[in-house]
file data_14.pdb (PDB, C-alpha atoms, pLDDT in the B column)
MODEL        1
ATOM      1  CA  MET A   1     -21.292 -20.511  56.342  1.00 55.00           C
ATOM      2  CA  THR A   2     -22.266 -16.984  55.479  1.00 68.00           C
ATOM      3  CA  TRP A   3     -19.844 -14.544  53.933  1.00 56.00           C
ATOM      4  CA  LYS A   4     -20.173 -12.234  56.985  1.00 60.00           C
ATOM      5  CA  ARG A   5     -19.116 -14.980  59.343  1.00 63.00           C
ATOM      6  CA  ALA A   6     -16.184 -16.005  57.101  1.00 56.00           C
ATOM      7  CA  LEU A   7     -15.071 -12.364  56.881  1.00 55.00           C
ATOM      8  CA  THR A   8     -15.235 -12.062  60.701  1.00 63.00           C
ATOM      9  CA  LEU A   9     -13.079 -15.175  61.137  1.00 58.00           C
ATOM     10  CA  VAL A  10     -10.496 -13.868  58.643  1.00 57.00           C
ATOM     11  CA  ILE A  11     -10.353 -10.479  60.432  1.00 65.00           C
ATOM     12  CA  LEU A  12      -9.939 -12.186  63.837  1.00 56.00           C
ATOM     13  CA  PHE A  13      -7.165 -14.365  62.420  1.00 58.00           C
ATOM     14  CA  VAL A  14      -5.285 -11.361  60.968  1.00 57.00           C
ATOM     15  CA  VAL A  15      -5.699  -9.375  64.210  1.00 56.00           C
ATOM     16  CA  SER A  16      -4.337 -12.292  66.278  1.00 59.00           C
ATOM     17  CA  ILE A  17      -1.276 -12.592  63.997  1.00 57.00           C
ATOM     18  CA  VAL A  18      -0.581  -8.845  64.198  1.00 53.00           C
ATOM     19  CA  ALA A  19      -1.092  -8.808  67.983  1.00 55.00           C
ATOM     20  CA  SER A  20       1.287 -11.740  68.485  1.00 54.00           C
ATOM     21  CA  GLY A  21       3.974  -9.874  66.543  1.00 53.00           C
ATOM     22  CA  LEU A  22       3.665  -6.851  68.862  1.00 49.00           C
ATOM     23  CA  THR A  23       4.408  -8.756  72.040  1.00 50.00           C
ATOM     24  CA  GLN A  24       7.971  -8.809  73.308  1.00 50.00           C
ATOM     25  CA  PRO A  25       9.809 -12.131  73.415  1.00 49.00           C
ATOM     26  CA  PRO A  26      10.806 -13.324  76.883  1.00 47.00           C
ATOM     27  CA  PRO A  27      14.170 -11.972  78.002  1.00 46.00           C
ATOM     28  CA  ALA A  28      17.089 -14.243  77.251  1.00 42.00           C
ATOM     29  CA  ARG A  29      18.953 -15.856  80.121  1.00 44.00           C
ATOM     30  CA  ALA A  30      22.060 -13.914  81.045  1.00 54.00           C
ATOM     31  CA  GLU A  31      25.410 -15.319  79.998  1.00 63.00           C
ATOM     32  CA  PRO A  32      27.926 -15.889  82.772  1.00 61.00           C
ATOM     33  CA  GLN A  33      30.109 -12.906  83.576  1.00 64.00           C
ATOM     34  CA  ILE A  34      32.632 -15.081  85.406  1.00 74.00           C
ATOM     35  CA  TYR A  35      35.046 -17.614  83.923  1.00 71.00           C
ATOM     36  CA  ALA A  36      37.735 -19.964  85.228  1.00 81.00           C
ATOM     37  CA  SER A  37      40.773 -21.885  84.103  1.00 84.00           C
ATOM     38  CA  PRO A  38      40.404 -25.663  83.655  1.00 87.00           C
ATOM     39  CA  VAL A  39      39.778 -27.652  86.819  1.00 91.00           C
ATOM     40  CA  HIS A  40      41.900 -30.730  87.539  1.00 92.00           C
ATOM     41  CA  ALA A  41      41.512 -33.145  90.441  1.00 94.00           C
ATOM     42  CA  GLY A  42      42.388 -36.704  91.380  1.00 95.00           C
ATOM     43  CA  CYS A  43      42.131 -39.187  94.197  1.00 95.00           C
ATOM     44  CA  TYR A  44      44.903 -40.882  96.160  1.00 95.00           C
ATOM     45  CA  LEU A  45      45.303 -43.349  99.001  1.00 94.00           C
ATOM     46  CA  GLU A  46      46.350 -41.306 102.037  1.00 92.00           C
ATOM     47  CA  LYS A  47      46.542 -44.345 104.341  1.00 90.00           C
ATOM     48  CA  ILE A  48      45.785 -47.980 103.596  1.00 89.00           C
ATOM     49  CA  ASP A  49      42.102 -47.422 104.385  1.00 88.00           C
ATOM     50  CA  ARG A  50      41.614 -43.698 103.614  1.00 92.00           C
ATOM     51  CA  CYS A  51      41.250 -41.905 100.265  1.00 94.00           C
ATOM     52  CA  LYS A  52      41.398 -38.174  99.603  1.00 95.00           C
ATOM     53  CA  ILE A  53      40.640 -35.916  96.636  1.00 96.00           C
ATOM     54  CA  HIS A  54      43.273 -33.350  95.656  1.00 95.00           C
ATOM     55  CA  VAL A  55      42.245 -30.333  93.540  1.00 94.00           C
ATOM     56  CA  GLU A  56      44.968 -28.597  91.533  1.00 93.00           C
ATOM     57  CA  PRO A  57      45.188 -24.772  91.636  1.00 92.00           C
ATOM     58  CA  PHE A  58      42.752 -22.909  89.383  1.00 91.00           C
ATOM     59  CA  THR A  59      42.159 -19.277  88.461  1.00 90.00           C
ATOM     60  CA  ILE A  60      38.835 -17.422  88.401  1.00 89.00           C
ATOM     61  CA  ASN A  61      38.506 -14.481  85.980  1.00 87.00           C
ATOM     62  CA  ILE A  62      36.251 -11.711  87.262  1.00 85.00           C
ATOM     63  CA  THR A  63      34.553  -9.443  84.745  1.00 81.00           C
ATOM     64  CA  SER A  64      35.629  -5.809  84.660  1.00 81.00           C
ATOM     65  CA  GLY A  65      33.371  -3.728  86.896  1.00 82.00           C
ATOM     66  CA  GLU A  66      32.217  -6.743  88.948  1.00 84.00           C
ATOM     67  CA  LYS A  67      33.324  -8.436  92.180  1.00 84.00           C
ATOM     68  CA  LEU A  68      33.561 -12.073  93.171  1.00 86.00           C
ATOM     69  CA  ALA A  69      30.424 -13.148  95.051  1.00 88.00           C
ATOM     70  CA  LEU A  70      31.274 -16.812  95.700  1.00 90.00           C
ATOM     71  CA  PHE A  71      32.776 -20.012  94.418  1.00 92.00           C
ATOM     72  CA  LYS A  72      32.188 -23.632  95.408  1.00 94.00           C
ATOM     73  CA  LEU A  73      33.756 -27.018  94.826  1.00 95.00           C
ATOM     74  CA  VAL A  74      31.258 -29.865  94.583  1.00 96.00           C
ATOM     75  CA  THR A  75      32.020 -33.576  94.230  1.00 96.00           C
ATOM     76  CA  ILE A  76      29.683 -35.728  92.173  1.00 95.00           C
ATOM     77  CA  ASN A  77      29.723 -39.454  92.948  1.00 94.00           C
ATOM     78  CA  THR A  78      29.062 -40.898  89.499  1.00 92.00           C
ATOM     79  CA  GLY A  79      27.900 -44.239  90.933  1.00 89.00           C
ATOM     80  CA  THR A  80      25.157 -42.791  93.136  1.00 91.00           C
ATOM     81  CA  GLY A  81      24.708 -39.354  91.584  1.00 91.00           C
ATOM     82  CA  ALA A  82      25.147 -37.805  95.034  1.00 93.00           C
ATOM     83  CA  GLN A  83      26.561 -34.284  95.085  1.00 94.00           C
ATOM     84  CA  THR A  84      28.553 -33.078  98.085  1.00 95.00           C
ATOM     85  CA  LEU A  85      29.666 -29.520  98.747  1.00 95.00           C
ATOM     86  CA  ILE A  86      33.316 -29.760  99.829  1.00 94.00           C
ATOM     87  CA  TYR A  87      34.408 -26.094  99.689  1.00 93.00           C
ATOM     88  CA  ASP A  88      32.349 -22.893  99.879  1.00 93.00           C
ATOM     89  CA  PHE A  89      34.122 -19.509  99.621  1.00 90.00           C
ATOM     90  CA  ARG A  90      32.252 -16.246 100.139  1.00 88.00           C
ATOM     91  CA  PRO A  91      34.110 -12.968 100.651  1.00 83.00           C
ATOM     92  CA  ASP A  92      33.556 -10.944 103.830  1.00 81.00           C
ATOM     93  CA  GLN A  93      35.494  -8.311 105.781  1.00 76.00           C
ATOM     94  CA  SER A  94      38.258 -10.731 106.709  1.00 77.00           C
ATOM     95  CA  ASN A  95      38.372 -12.222 103.186  1.00 70.00           C
ATOM     96  CA  PRO A  96      38.319  -9.153 100.923  1.00 70.00           C
ATOM     97  CA  VAL A  97      36.591  -9.271  97.577  1.00 67.00           C
ATOM     98  CA  PRO A  98      39.050  -9.411  94.669  1.00 62.00           C
ATOM     99  CA  SER A  99      39.015  -6.254  92.551  1.00 59.00           C
ATOM    100  CA  SER A 100      36.997  -6.051  89.367  1.00 57.00           C
ATOM    101  CA  GLY A 101      38.652  -7.258  86.199  1.00 63.00           C
ATOM    102  CA  ASP A 102      41.183  -9.247  88.179  1.00 80.00           C
ATOM    103  CA  THR A 103      41.940 -12.915  88.320  1.00 83.00           C
ATOM    104  CA  TYR A 104      41.705 -14.762  91.607  1.00 84.00           C
ATOM    105  CA  THR A 105      43.664 -17.913  92.412  1.00 86.00           C
ATOM    106  CA  PRO A 106      42.587 -19.319  95.768  1.00 85.00           C
ATOM    107  CA  SER A 107      45.275 -20.765  97.996  1.00 84.00           C
ATOM    108  CA  LEU A 108      45.201 -24.533  98.351  1.00 82.00           C
ATOM    109  CA  VAL A 109      43.514 -25.925 101.426  1.00 81.00           C
ATOM    110  CA  ALA A 110      45.907 -27.309 104.048  1.00 77.00           C
ATOM    111  CA  LYS A 111      44.428 -30.780 103.767  1.00 84.00           C
ATOM    112  CA  ASP A 112      42.714 -32.464 100.847  1.00 92.00           C
ATOM    113  CA  PHE A 113      39.072 -33.544 100.793  1.00 94.00           C
ATOM    114  CA  ALA A 114      37.805 -36.862 102.169  1.00 93.00           C
ATOM    115  CA  ALA A 115      36.554 -39.452  99.684  1.00 94.00           C
ATOM    116  CA  THR A 116      35.349 -43.036  99.735  1.00 93.00           C
ATOM    117  CA  CYS A 117      37.881 -45.496  98.344  1.00 93.00           C
ATOM    118  CA  SER A 118      36.888 -47.400  95.168  1.00 93.00           C
ATOM    119  CA  GLN A 119      34.271 -44.764  94.245  1.00 95.00           C
ATOM    120  CA  THR A 120      34.248 -42.739  91.008  1.00 96.00           C
ATOM    121  CA  TYR A 121      33.947 -38.956  91.229  1.00 96.00           C
ATOM    122  CA  MET A 122      33.902 -35.735  89.225  1.00 96.00           C
ATOM    123  CA  VAL A 123      34.644 -32.312  90.728  1.00 96.00           C
ATOM    124  CA  SER A 124      32.653 -29.236  89.683  1.00 95.00           C
ATOM    125  CA  LEU A 125      33.834 -25.641  90.189  1.00 94.00           C
ATOM    126  CA  GLN A 126      30.857 -23.300  90.491  1.00 94.00           C
ATOM    127  CA  GLY A 127      30.978 -19.532  90.820  1.00 91.00           C
ATOM    128  CA  GLN A 128      29.178 -16.218  90.664  1.00 89.00           C
ATOM    129  CA  ASP A 129      30.211 -12.578  90.531  1.00 86.00           C
ATOM    130  CA  THR A 130      28.096  -9.504  91.238  1.00 84.00           C
ATOM    131  CA  GLY A 131      27.069  -9.263  87.562  1.00 83.00           C
ATOM    132  CA  ASP A 132      25.612 -12.782  87.439  1.00 85.00           C
ATOM    133  CA  THR A 133      22.031 -13.639  88.319  1.00 86.00           C
ATOM    134  CA  ALA A 134      22.829 -17.260  89.207  1.00 88.00           C
ATOM    135  CA  ILE A 135      25.650 -19.607  90.114  1.00 91.00           C
ATOM    136  CA  PHE A 136      27.340 -21.028  87.009  1.00 90.00           C
ATOM    137  CA  ASN A 137      29.324 -24.211  86.479  1.00 91.00           C
ATOM    138  CA  LEU A 138      32.798 -22.901  85.643  1.00 91.00           C
ATOM    139  CA  GLY A 139      34.518 -26.230  85.158  1.00 92.00           C
ATOM    140  CA  LEU A 140      34.064 -29.972  85.547  1.00 93.00           C
ATOM    141  CA  THR A 141      36.742 -32.645  85.750  1.00 94.00           C
ATOM    142  CA  GLU A 142      36.635 -35.936  83.930  1.00 94.00           C
ATOM    143  CA  GLN A 143      35.656 -38.972  85.982  1.00 95.00           C
ATOM    144  CA  PHE A 144      38.359 -40.411  88.217  1.00 96.00           C
ATOM    145  CA  THR A 145      38.249 -43.455  90.488  1.00 95.00           C
ATOM    146  CA  CYS A 146      39.743 -43.574  93.955  1.00 95.00           C
ATOM    147  CA  PRO A 147      42.104 -46.484  94.644  1.00 94.00           C
ATOM    148  CA  LYS A 148      40.913 -49.541  96.492  1.00 92.00           C
ATOM    149  CA  GLY A 149      41.557 -49.360 100.225  1.00 83.00           C
ATOM    150  CA  THR A 150      42.664 -52.199 102.460  1.00 82.00           C
ATOM    151  CA  TYR A 151      40.652 -52.550 105.615  1.00 72.00           C
ATOM    152  CA  ARG A 152      41.775 -54.416 108.712  1.00 70.00           C
ATOM    153  CA  VAL A 153      39.519 -55.792 111.370  1.00 69.00           C
ATOM    154  CA  ASN A 154      41.083 -56.018 114.783  1.00 70.00           C
ATOM    155  CA  LEU A 155      39.407 -58.655 116.904  1.00 73.00           C
ATOM    156  CA  PRO A 156      40.239 -59.146 120.554  1.00 77.00           C
ATOM    157  CA  VAL A 157      42.350 -62.164 121.347  1.00 76.00           C
ATOM    158  CA  ILE A 158      41.878 -64.059 124.582  1.00 80.00           C
ATOM    159  CA  ARG A 159      44.858 -66.044 125.781  1.00 79.00           C
ATOM    160  CA  LYS A 160      44.728 -68.606 128.603  1.00 75.00           C
TER     161      LYS A 160
ENDMDL
END
call {"tool": "encode", "arguments": {"input": "data_14.pdb", "output": "structure tokens"}}
result
Amino acid sequence: MTWKRALTLVILFVVSIVASGLTQPPPARAEPQIYASPVHAGCYLEKIDRCKIHVEPFTINITSGEKLALFKLVTINTGTGAQTLIYDFRPDQSNPVPSSGDTYTPSLVAKDFAATCSQTYMVSLQGQDTGDTAIFNLGLTEQFTCPKGTYRVNLPVIRK
């Protein structure tokens, strides 16, 4: 290898190192601007063959200068991995947006959420305010198992 070629390779190497230092790193992913209190939920036997999930009250903290965009409750069936949206709140004219810097505690739903007896679930609270670029997981319950239901089969009886 000639000294001219070696010198050219060294210069190209130095230029590539300097050029790589001049480029900007990719922007970091934004941190959530919205936070929530812990989320608690459990399952109970409503009737002998019907289970329901009850979610305890929670509070969402909205960042100062921002407004609540949405929040969702999602169940995760740990046996199948299936995720089911069970509650989706988005403000509109009839549901005003909570003020910036406030906390928001949604009222409990009139009835709890349907579940399959003997299945194991987790409940995820997800939310976003106007300062967030994505929906964030604000809380996740531990796994809980619904009680075992008792099912009856009613067969017709023919009497002579």
call {"tool": "residues_around", "arguments": {"input": "data_14.pdb", "residues": "His40 of chain A", "least_positions_apart": "6", "cutoff": "10 Å", "atoms": "all atoms listed in the file", "output": "list of chain:residue names"}}
result
A:His54, A:Val55, A:Glu56, A:Pro57, A:Phe58, A:Met122, A:Val123, A:Ser124, A:Leu125, A:Gly139, A:Leu140, A:Thr141, A:Glu142
call {"tool": "residues_around", "arguments": {"input": "data_14.pdb", "residues": "Pro91 of chain A", "least_positions_apart": "5", "cutoff": "8 Å", "atoms": "all atoms listed in the file", "output": "compact mmCIF listing (two decimals) with C-alpha atoms, in the coordinates of the input"}}
result
# COMPACT_ATOMS: atom_id res chain seq x y z
CA LEU A 68 33.56 -12.07 93.17
CA ALA A 69 30.42 -13.15 95.05
CA LEU A 70 31.27 -16.81 95.70
CA PRO A 96 38.32 -9.15 100.92
CA VAL A 97 36.59 -9.27 97.58
call {"tool": "atom_distance", "arguments": {"input": "data_14.pdb", "atom1": "atom CA of Leu73 of chain A", "atom2": "atom CA of Tyr151 of chain A"}}
result
28.6 Å
call {"tool": "resolve_selection", "arguments": {"input": "data_14.pdb", "expression": "the PyMOL selection byres ((chain A and resi 43) around 12)", "output": "PyMOL selection string"}}
result
chain A and resi 40-42+44-46+50-56+75+112-123+141+143-149
call {"tool": "atom_distance", "arguments": {"input": "data_14.pdb", "atom1": "atom CA of Tyr104 of chain A", "atom2": "atom CA of Asn77 of chain A"}}
result
27.5 Å
call {"tool": "residues_around", "arguments": {"input": "data_14.pdb", "residues": "segment 129-136 of chain A", "least_positions_apart": "3", "cutoff": "7 Å", "atoms": "only C-alpha atoms", "output": "list in words"}}
result
Pro32, Gln33, Ile34, Ile62, Glu66, Lys67, Leu68, Ala69, Leu70 and Gln126 of chain A
call {"tool": "closest_residue", "arguments": {"input": "data_14.pdb", "among": "A:Pro38, A:Gly127, A:Pro156, A:Pro106", "to": "Val74 of chain A", "atoms": "only C-alpha atoms"}}
result
A:Gly127
call {"tool": "closest_residue", "arguments": {"input": "data_14.pdb", "among": "A:Leu108, A:Asn95, A:Gln83, A:Val39", "to": "Ile60 of chain A", "atoms": "all atoms listed in the file"}}
result
A:Val39
call {"tool": "atom_distance", "arguments": {"input": "data_14.pdb", "atom1": "atom CA of Arg90 of chain A", "atom2": "atom CA of Thr105 of chain A"}}
result
13.9 Å
call {"tool": "closest_residue", "arguments": {"input": "data_14.pdb", "among": "A:Lys160, A:Thr59, A:Tyr87, A:Gln93", "to": "Lys72 of chain A", "atoms": "all atoms listed in the file"}}
result
A:Tyr87
